[in-house]
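This report refers to the structure that appears directly beneath it.
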Number of protein chains: 4
Amino acid sequence: MKTTILIHCPDKSGIISDVTNFIHESNGNIIYLDQHVDKEVGVFFMRLESDFDAPNFSIVNFRNGFGENLGTKYEMKWRIYSSGIKPKMALFVSKYNHCLYDLLSRFNSGELEVEIPFIISNHNDLQYVAEQFNIPFYHIPVTKTTKKEAENQQLKLLKDHKVDFVVLARYMQIVTKKIIDCYPNKIINIHHSFLPAFAGAKPYHAAFERGVKIIGATCHYVTEELDAGPIIEQDVTAVSHSHSIKDFIAKGRDLEKIVLSRGVKLHIRRKTMVYNNKTVIFS
Amino acid sequence: MKTTILIHCPDKSGIISDVTNFIHESNGNIIYLDQHVDKEVGVFFMRLESDFDAPNFSIVNFRNGFGENLGTKYEMKWRIYSSGIKPKMALFVSKYNHCLYDLLSRFNSGELEVEIPFIISNHNDLQYVAEQFNIPFYHIPVTKTTKKEAENQQLKLLKDHKVDFVVLARYMQIVTKKIIDCYPNKIINIHHSFLPAFAGAKPYHAAFERGVKIIGATCHYVTEELDAGPIIEQDVTAVSHSHSIKDFIAKGRDLEKIVLSRGVKLHIRRKTMVYNNKTVIFS
Amino acid sequence: MKTTILIHCPDKSGIISDVTNFIHESNGNIIYLDQHVDKEVGVFFMRLESDFDAPNFSIVNFRNGFGENLGTKYEMKWRIYSSGIKPKMALFVSKYNHCLYDLLSRFNSGELEVEIPFIISNHNDLQYVAEQFNIPFYHIPVTKTTKKEAENQQLKLLKDHKVDFVVLARYMQIVTKKIIDCYPNKIINIHHSFLPAFAGAKPYHAAFERGVKIIGATCHYVTEELDAGPIIEQDVTAVSHSHSIKDFIAKGRDLEKIVLSRGVKLHIRRKTMVYNNKTVIFS
Amino acid sequence: MKTTILIHCPDKSGIISDVTNFIHESNGNIIYLDQHVDKEVGVFFMRLESDFDAPNFSIVNFRNGFGENLGTKYEMKWRIYSSGIKPKMALFVSKYNHCLYDLLSRFNSGELEVEIPFIISNHNDLQYVAEQFNIPFYHIPVTKTTKKEAENQQLKLLKDHKVDFVVLARYMQIVTKKIIDCYPNKIINIHHSFLPAFAGAKPYHAAFERGVKIIGATCHYVTEELDAGPIIEQDVTAVSHSHSIKDFIAKGRDLEKIVLSRGVKLHIRRKTMVYNNKTVIFS
């Protein structure tokens, strides 16, 4: 059985040796180890992939042993995933289809190891895409008066389907605190600028106005403060005076979909850890 | 004789045809033409390189004719440069040597077609570099009390040497309004972030704090508002959680020197035009 | 009426002035002009977009006048397109769906101003994608014995539907000389390496073997010599020792679809000219 | 005392645990660990940085213990470096100064933790640069008849100064097998193309001829086969039809110096390992 272990704890001598020993003594073979120390705050991070081939291997016993022997000793926050269980990803969209198409065609090609129980949208413009790919589509309009009710409907769907994480694939609404609190560091957004430049609405217009020579896109976890959550992935592309705002938007679409899918893949593969509103991205 | 013509004026039908005709009738051969219309503000921009081989060609007559025939008709702002005259570039530095070394080694290799009458610094740390390259070096300290006097010394040097434009090669002082007013769109700065993100002091620290995955550098013309002038050139490089602030600074140095030198070369070749606090960069 | 004019001819003094004059006298307004001289071979290239608003404007008369007045005088190869006519693009695919999905979702979003009369494939793996997007799909198997017949079937479809250009969206067969001769510089291929490195089969395996730190994709016009046609667009992405061949292929897919769609858009907008097995790409 | 350990050996279960244990028991603190398994050939690679603070710590004893306990058990190739010893780097140049200037200005700024005992050139064009930076300069001409003698002179200098590695900073001669054999994976070259494209002479001319839209530079270890050694670092930049060969060369210069300096820094920091003519580059 393949497992992925994610750890963070106060930095201390002996952690790597103790953890790798424990895996070795549990008859595990370490396939991959990546580790990082944030020296400013004295925090240790590690990600391990291991293989446990013994026929009598029990992930439950291993988890218990890990917690008792190491978790407590080093005051670790730790998670142990066994492979083979696909996380459930919900998609929130509005009217733009490029990110949705990109994610669904990757999903269809087997590139994303997830289940997609449903797509939620505040408009029904993209229902046809959901139908093309045979994914249930829920149209939940969001207006000032229906906001509360929409939130409840969204939450119910997320819980009923045991959704593990949410991807805002150009969802043009602000996700509410209540939902964010239920999915901390589990809501992934794509913002169409190289944050922190041009946070907020209409970043391509602002970039055009400022006369920048580079535009970007940022994939980040959603926190209460708008466009200020931990950054997972960014990329940029060159622009010039000859590009109109329409050109910025067209070029940006290609950035957005690529950057979002990279971020989503990192999340699915458990290669991200969040600390102090920043991410550690394992290789 | 080779000439470079730069034009901007209200957009109107017939300009290209009239200008190219005028050059053709003056026995000029157009080697290169690049043109741009800012549709938002209705302004036309053009850059032409032409060859005038006729033995009796007079640049003075051509300029006069151009102004009378076209400048007035189209309400143009225009400039006509004849090649062979090297602009005079003054360098302002503080303590970091990477941009200075880069510019001077390019200068020494004949890559920059300028004269460098002098280097000014508020410290004498880099005097040795000036000496390595045999460029006069003026140490003009800038303190709260000497600011006025320093400004006057700087201005006198600039005027005595008939300096055409100034490059702030990591000059860590704010250039005063008086000097900016004397050299509008003729003072080139390198800022160590992808503006408008992280304007102001310590951008690498701010970028580290925010947890960005990309850092950048921006070459721009200096205006009164700090780090808000027209952007000439930008570039970026990827960073990760594993990079410390020191790593950001080291990686940034390579960006800064390359981006600054690109901006300086564009300016020297008269490939930049400024309008509405933005640049048109001709190819 | 909007028109796009493409010209190439031996370089000579006066062309720009003559052409812009002719447009001006035909009551046209030049919106955009880009020009290039290949000095090595003495060839002049120009692309113009113009607006002709006069109610009595006749594109036929304009074409005739252009040919008589300028085409002959300067020995031009020239084409004049009027906007509003969508070119017909045929798609050839095999088994990989990423480029096909990318092109069709752009098409569906109105990003590509073409008609797509049909998709041809030597396998029927991707028929379901064609059905998702309601595009006719022809399964034309290609084996050693059926090659000739397949070619004829393909050609018949291309001609019956008056196809203007063909996009090989990861079509894993070699297109025959007969077809190439019918569509010179009108068959666009995506090759999964930064050509000329790793031409031929299995470029990601070859790149992995060589231990490169960068992989790429190349969009080019198809000529008889395999992977040696005029390059329209290239892009690259960084890789490391930690990436397997499978990782190369996954990263490559993102490059391939973006680079192919950029190339296709340049072709659709008539921004490409071919000369001496190289392209001029207008801005 | 800080140490860097580099290991490669046949992949086997238990290595990480054994090595980290050994360091822990030697009262060392692991600051950094990066590991890689080449699954195709079944080889394990690891790089560790550790701190040994105990006053009685002996690097000699540690090395002996490491070899006896782990080296033999796992059939390791291993090296243990203690920090604080600067490697000796010799520079070979010809006539181009950009890479030399770049390396020396970095050296002067303390960016490269090496000693530079001397510069060798087959021309004396760059003697002035050596003098600017006060580095001994040896002019060793290389002609058909003097090749053997030149090689001996070069080798004598390298040995007399106990040079650790050699950087060919645009040295336009082929380094002989005899010298390569003395410095295996210790001679660093910069080639002015994205290898394997355009190996050999005049890569910019070849790139121009082929009409590529991207040019590159490659830093690699020198092996007997020309331009075919293990690649350390590569980077690229966009070009267009509007760039002449001269433009390619100018743009290339910036790539070459940056890519070479990155490769040299990776080597100095012992972040490179070579296996099967490929490199593992630790983060």
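Just remember, in the structure tokens the first chain shown is A, the second B, etc., residues are 1-based per chain, and ligands are 1-based in the order shown.
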Proximity of chain D to chain A: per-residue shortest pair, 7 Å limit, only C-alpha atoms, as a Markdown table:
```
| residue | atom | partner | partner_atom | distance |
| --- | --- | --- | --- | --- |
| D:Ser13 | CA | A:Asn29 | CA | 5.4 |
| D:Gly14 | CA | A:His24 | CA | 6.1 |
| D:Ile16 | CA | A:Thr20 | CA | 6.7 |
| D:Ser17 | CA | A:Thr20 | CA | 4.8 |
| D:Thr20 | CA | A:Ser17 | CA | 4.8 |
| D:Asn21 | CA | A:Ser17 | CA | 5.1 |
| D:His24 | CA | A:Gly14 | CA | 6.0 |
| D:Asn29 | CA | A:Ser13 | CA | 5.3 |
| D:Leu33 | CA | A:Gln35 | CA | 6.6 |
| D:Asp34 | CA | A:Asp34 | CA | 6.2 |
| D:Gln35 | CA | A:Leu33 | CA | 6.6 |
```
Could you name the residues that touch segment 159-169 of chain C at 6 Å or less, counting only C-alpha atoms, but leaving out those on the same chain fewer than 3 positions away, as a short mmCIF file (atom, residue, chain, number, x, y, z; two decimals) with N, CA, C and O atoms, in the first residue's frame?
```
data_model
loop_
_atom_site.label_atom_id
_atom_site.label_comp_id
_atom_site.auth_asym_id
_atom_site.auth_seq_id
_atom_site.Cartn_x
_atom_site.Cartn_y
_atom_site.Cartn_z
N PRO C 87 -12.77 31.44 -42.41
CA PRO C 87 -12.13 30.33 -43.11
C PRO C 87 -12.61 28.99 -42.54
O PRO C 87 -13.06 28.90 -41.40
N LYS C 88 -12.53 27.95 -43.38
CA LYS C 88 -12.94 26.61 -43.00
C LYS C 88 -11.73 25.81 -42.56
O LYS C 88 -10.79 25.63 -43.33
N MET C 89 -11.78 25.31 -41.34
CA MET C 89 -10.64 24.59 -40.74
C MET C 89 -11.01 23.13 -40.49
O MET C 89 -11.97 22.85 -39.77
N ALA C 90 -10.25 22.21 -41.09
CA ALA C 90 -10.46 20.78 -40.80
C ALA C 90 -9.48 20.33 -39.73
O ALA C 90 -8.35 20.83 -39.67
N LEU C 91 -9.92 19.42 -38.88
CA LEU C 91 -9.06 18.91 -37.81
C LEU C 91 -8.73 17.45 -38.05
O LEU C 91 -9.63 16.65 -38.35
N PHE C 92 -7.45 17.11 -37.95
CA PHE C 92 -7.02 15.72 -38.01
C PHE C 92 -6.51 15.33 -36.63
O PHE C 92 -5.66 16.03 -36.06
N VAL C 93 -7.01 14.22 -36.09
CA VAL C 93 -6.56 13.78 -34.76
C VAL C 93 -6.30 12.28 -34.78
O VAL C 93 -6.67 11.58 -35.73
N CYS C 99 -5.35 18.50 -27.29
CA CYS C 99 -5.37 19.59 -28.27
C CYS C 99 -6.76 19.75 -28.88
O CYS C 99 -7.22 20.86 -29.12
N LYS C 156 -10.90 14.14 -50.72
CA LYS C 156 -12.28 14.36 -51.18
C LYS C 156 -13.06 15.19 -50.15
O LYS C 156 -13.73 16.17 -50.49
N LYS C 186 -0.60 25.58 -45.51
CA LYS C 186 -1.98 25.62 -45.01
C LYS C 186 -2.29 24.40 -44.15
O LYS C 186 -3.44 24.13 -43.84
N ILE C 187 -1.24 23.62 -43.83
CA ILE C 187 -1.41 22.52 -42.90
C ILE C 187 -0.55 22.83 -41.68
O ILE C 187 0.66 23.02 -41.79
N ILE C 188 -1.20 22.93 -40.54
CA ILE C 188 -0.51 23.35 -39.32
C ILE C 188 -0.35 22.14 -38.41
O ILE C 188 -1.31 21.44 -38.12
N ASN C 189 0.87 21.90 -37.96
CA ASN C 189 1.15 20.76 -37.09
C ASN C 189 1.67 21.26 -35.73
O ASN C 189 2.23 22.34 -35.64
#
```
message: So that I can check the secondary structure, give me every residue of segment 23-258 of chain D assigned strand (DSSP E or B) by backbone DSSP, as a PyMOL selection string.
response: chain D and resi 28-38+43-52+77-82+88-93+115+119-121+137-139+165-168+187-191+214-221+231-238
query: Hey, which of D:His220, D:His123, D:Lys147, D:Lys246 ends up closest to Val274 of chain D? Count only C-alpha atoms.
result: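 Closest residue, counting only C-alpha atoms: D:His220.
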task: Please report, as a PyMOL selection string, each residue of segment 2-230 of chain D to which DSSP assigns helix (DSSP H, G or I) when run on this structure's backbone.
output: chain D and resi 15-25+59-71+98-108+127-132+147-160+177-182+203-210
field: Long-range neighbours of segment 224-241 of chain A as a PyMOL selection string, 7 Å cut-off, only C-alpha atoms, 2 positions minimum in chain
entry: (chain A and resi 177+194+199-200+213-222+243+255+259+263+277-279) or (chain B and resi 211-214+279-281)
Okay, now the selection with N, CA, C and O atoms, as a compact mmCIF listing (two decimals), in the first residue's frame?
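Generated output (selection.txt):
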```txt
# COMPACT_ATOMS: atom_id res chain seq x y z
N LYS A 177 -17.94 33.53 4.67
CA LYS A 177 -17.11 33.09 5.81
C LYS A 177 -17.55 31.72 6.32
O LYS A 177 -16.70 30.87 6.64
N PHE A 194 -1.21 38.79 -11.23
CA PHE A 194 -0.13 38.31 -10.38
C PHE A 194 -0.24 39.03 -9.04
O PHE A 194 0.26 40.11 -8.84
N ALA A 199 -5.36 43.15 -6.96
CA ALA A 199 -6.39 42.39 -6.25
C ALA A 199 -7.74 43.04 -6.56
O ALA A 199 -7.80 44.18 -7.06
N GLY A 200 -8.81 42.30 -6.28
CA GLY A 200 -10.14 42.86 -6.47
C GLY A 200 -10.65 42.72 -7.88
O GLY A 200 -10.13 41.94 -8.67
N LYS A 213 3.97 45.57 -18.50
CA LYS A 213 4.47 44.80 -19.65
C LYS A 213 4.32 43.30 -19.42
O LYS A 213 4.76 42.49 -20.23
N ILE A 214 3.76 42.94 -18.28
CA ILE A 214 3.56 41.54 -17.91
C ILE A 214 2.21 41.42 -17.21
O ILE A 214 1.89 42.24 -16.36
N ILE A 215 1.42 40.41 -17.60
CA ILE A 215 0.20 40.12 -16.83
C ILE A 215 0.31 38.71 -16.27
O ILE A 215 1.12 37.92 -16.74
N GLY A 216 -0.50 38.41 -15.26
CA GLY A 216 -0.35 37.12 -14.61
C GLY A 216 -1.64 36.55 -14.09
O GLY A 216 -2.72 37.13 -14.24
N ALA A 217 -1.52 35.36 -13.51
CA ALA A 217 -2.65 34.72 -12.85
C ALA A 217 -2.12 34.03 -11.60
O ALA A 217 -0.96 33.62 -11.54
N THR A 218 -2.97 33.95 -10.59
CA THR A 218 -2.57 33.44 -9.29
C THR A 218 -3.60 32.44 -8.79
O THR A 218 -4.79 32.75 -8.71
N CYS A 219 -3.14 31.25 -8.44
CA CYS A 219 -4.00 30.25 -7.83
C CYS A 219 -3.73 30.24 -6.33
O CYS A 219 -2.56 30.15 -5.92
N HIS A 220 -4.78 30.39 -5.53
CA HIS A 220 -4.55 30.52 -4.09
C HIS A 220 -5.69 29.90 -3.30
O HIS A 220 -6.80 29.71 -3.83
N TYR A 221 -5.41 29.58 -2.04
CA TYR A 221 -6.47 29.14 -1.14
C TYR A 221 -7.27 30.36 -0.71
O TYR A 221 -6.71 31.44 -0.50
N VAL A 222 -8.56 30.15 -0.55
CA VAL A 222 -9.45 31.26 -0.20
C VAL A 222 -9.47 31.44 1.32
O VAL A 222 -9.65 30.48 2.07
N HIS A 243 -1.39 45.62 -27.20
CA HIS A 243 -2.50 44.79 -26.76
C HIS A 243 -3.60 45.63 -26.13
O HIS A 243 -3.34 46.45 -25.25
N LEU A 255 -3.51 31.71 -19.35
CA LEU A 255 -2.80 31.66 -18.07
C LEU A 255 -3.68 31.07 -16.99
O LEU A 255 -3.28 30.20 -16.23
N VAL A 259 -2.70 27.79 -14.85
CA VAL A 259 -2.29 28.00 -13.46
C VAL A 259 -3.28 27.34 -12.49
O VAL A 259 -2.87 26.72 -11.51
N GLY A 263 -2.42 24.26 -9.83
CA GLY A 263 -2.73 24.35 -8.41
C GLY A 263 -3.61 23.20 -7.95
O GLY A 263 -3.38 22.61 -6.89
N ASN A 277 -0.18 31.76 6.44
CA ASN A 277 -0.73 32.33 5.21
C ASN A 277 0.20 32.19 4.00
O ASN A 277 0.08 32.91 3.01
N LYS A 278 1.13 31.25 4.07
CA LYS A 278 1.99 30.93 2.94
C LYS A 278 1.93 29.43 2.68
O LYS A 278 1.51 28.66 3.54
N THR A 279 2.35 29.02 1.49
CA THR A 279 2.35 27.59 1.19
C THR A 279 3.77 27.05 1.11
O THR A 279 4.69 27.74 0.68
N GLY B 211 4.57 35.53 0.36
CA GLY B 211 4.62 34.15 -0.13
C GLY B 211 4.36 34.03 -1.62
O GLY B 211 3.79 33.04 -2.08
N VAL B 212 4.81 35.01 -2.40
CA VAL B 212 4.61 34.93 -3.85
C VAL B 212 5.50 33.84 -4.45
O VAL B 212 6.50 33.45 -3.87
N LYS B 213 5.12 33.36 -5.60
CA LYS B 213 5.88 32.31 -6.30
C LYS B 213 6.68 32.88 -7.46
O LYS B 213 7.34 32.14 -8.20
N ILE B 214 6.60 34.18 -7.63
CA ILE B 214 7.29 34.88 -8.72
C ILE B 214 7.78 36.22 -8.19
O ILE B 214 7.03 36.91 -7.51
N THR B 279 4.05 53.67 -21.75
CA THR B 279 5.01 53.75 -22.85
C THR B 279 4.50 53.00 -24.07
O THR B 279 3.81 51.99 -23.96
N VAL B 280 4.86 53.50 -25.23
CA VAL B 280 4.81 52.72 -26.46
C VAL B 280 6.25 52.28 -26.71
O VAL B 280 7.16 53.12 -26.71
N ILE B 281 6.46 50.98 -26.84
CA ILE B 281 7.81 50.46 -27.08
C ILE B 281 7.85 49.89 -28.49
O ILE B 281 7.23 48.86 -28.78
```
query: Between A:Ser94, A:Asp38, A:Ser26, A:Ile80, which one has atoms that come closest to Tyr275 of chain A, using only C-alpha atoms?
result: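 Checking each candidate against Tyr275 of chain A, we get A:Asp38 as the closest.
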- line: Students should find that atom CA of Glu115 of chain D and atom CA of Leu103 of chain D are spaced 12.0 Å
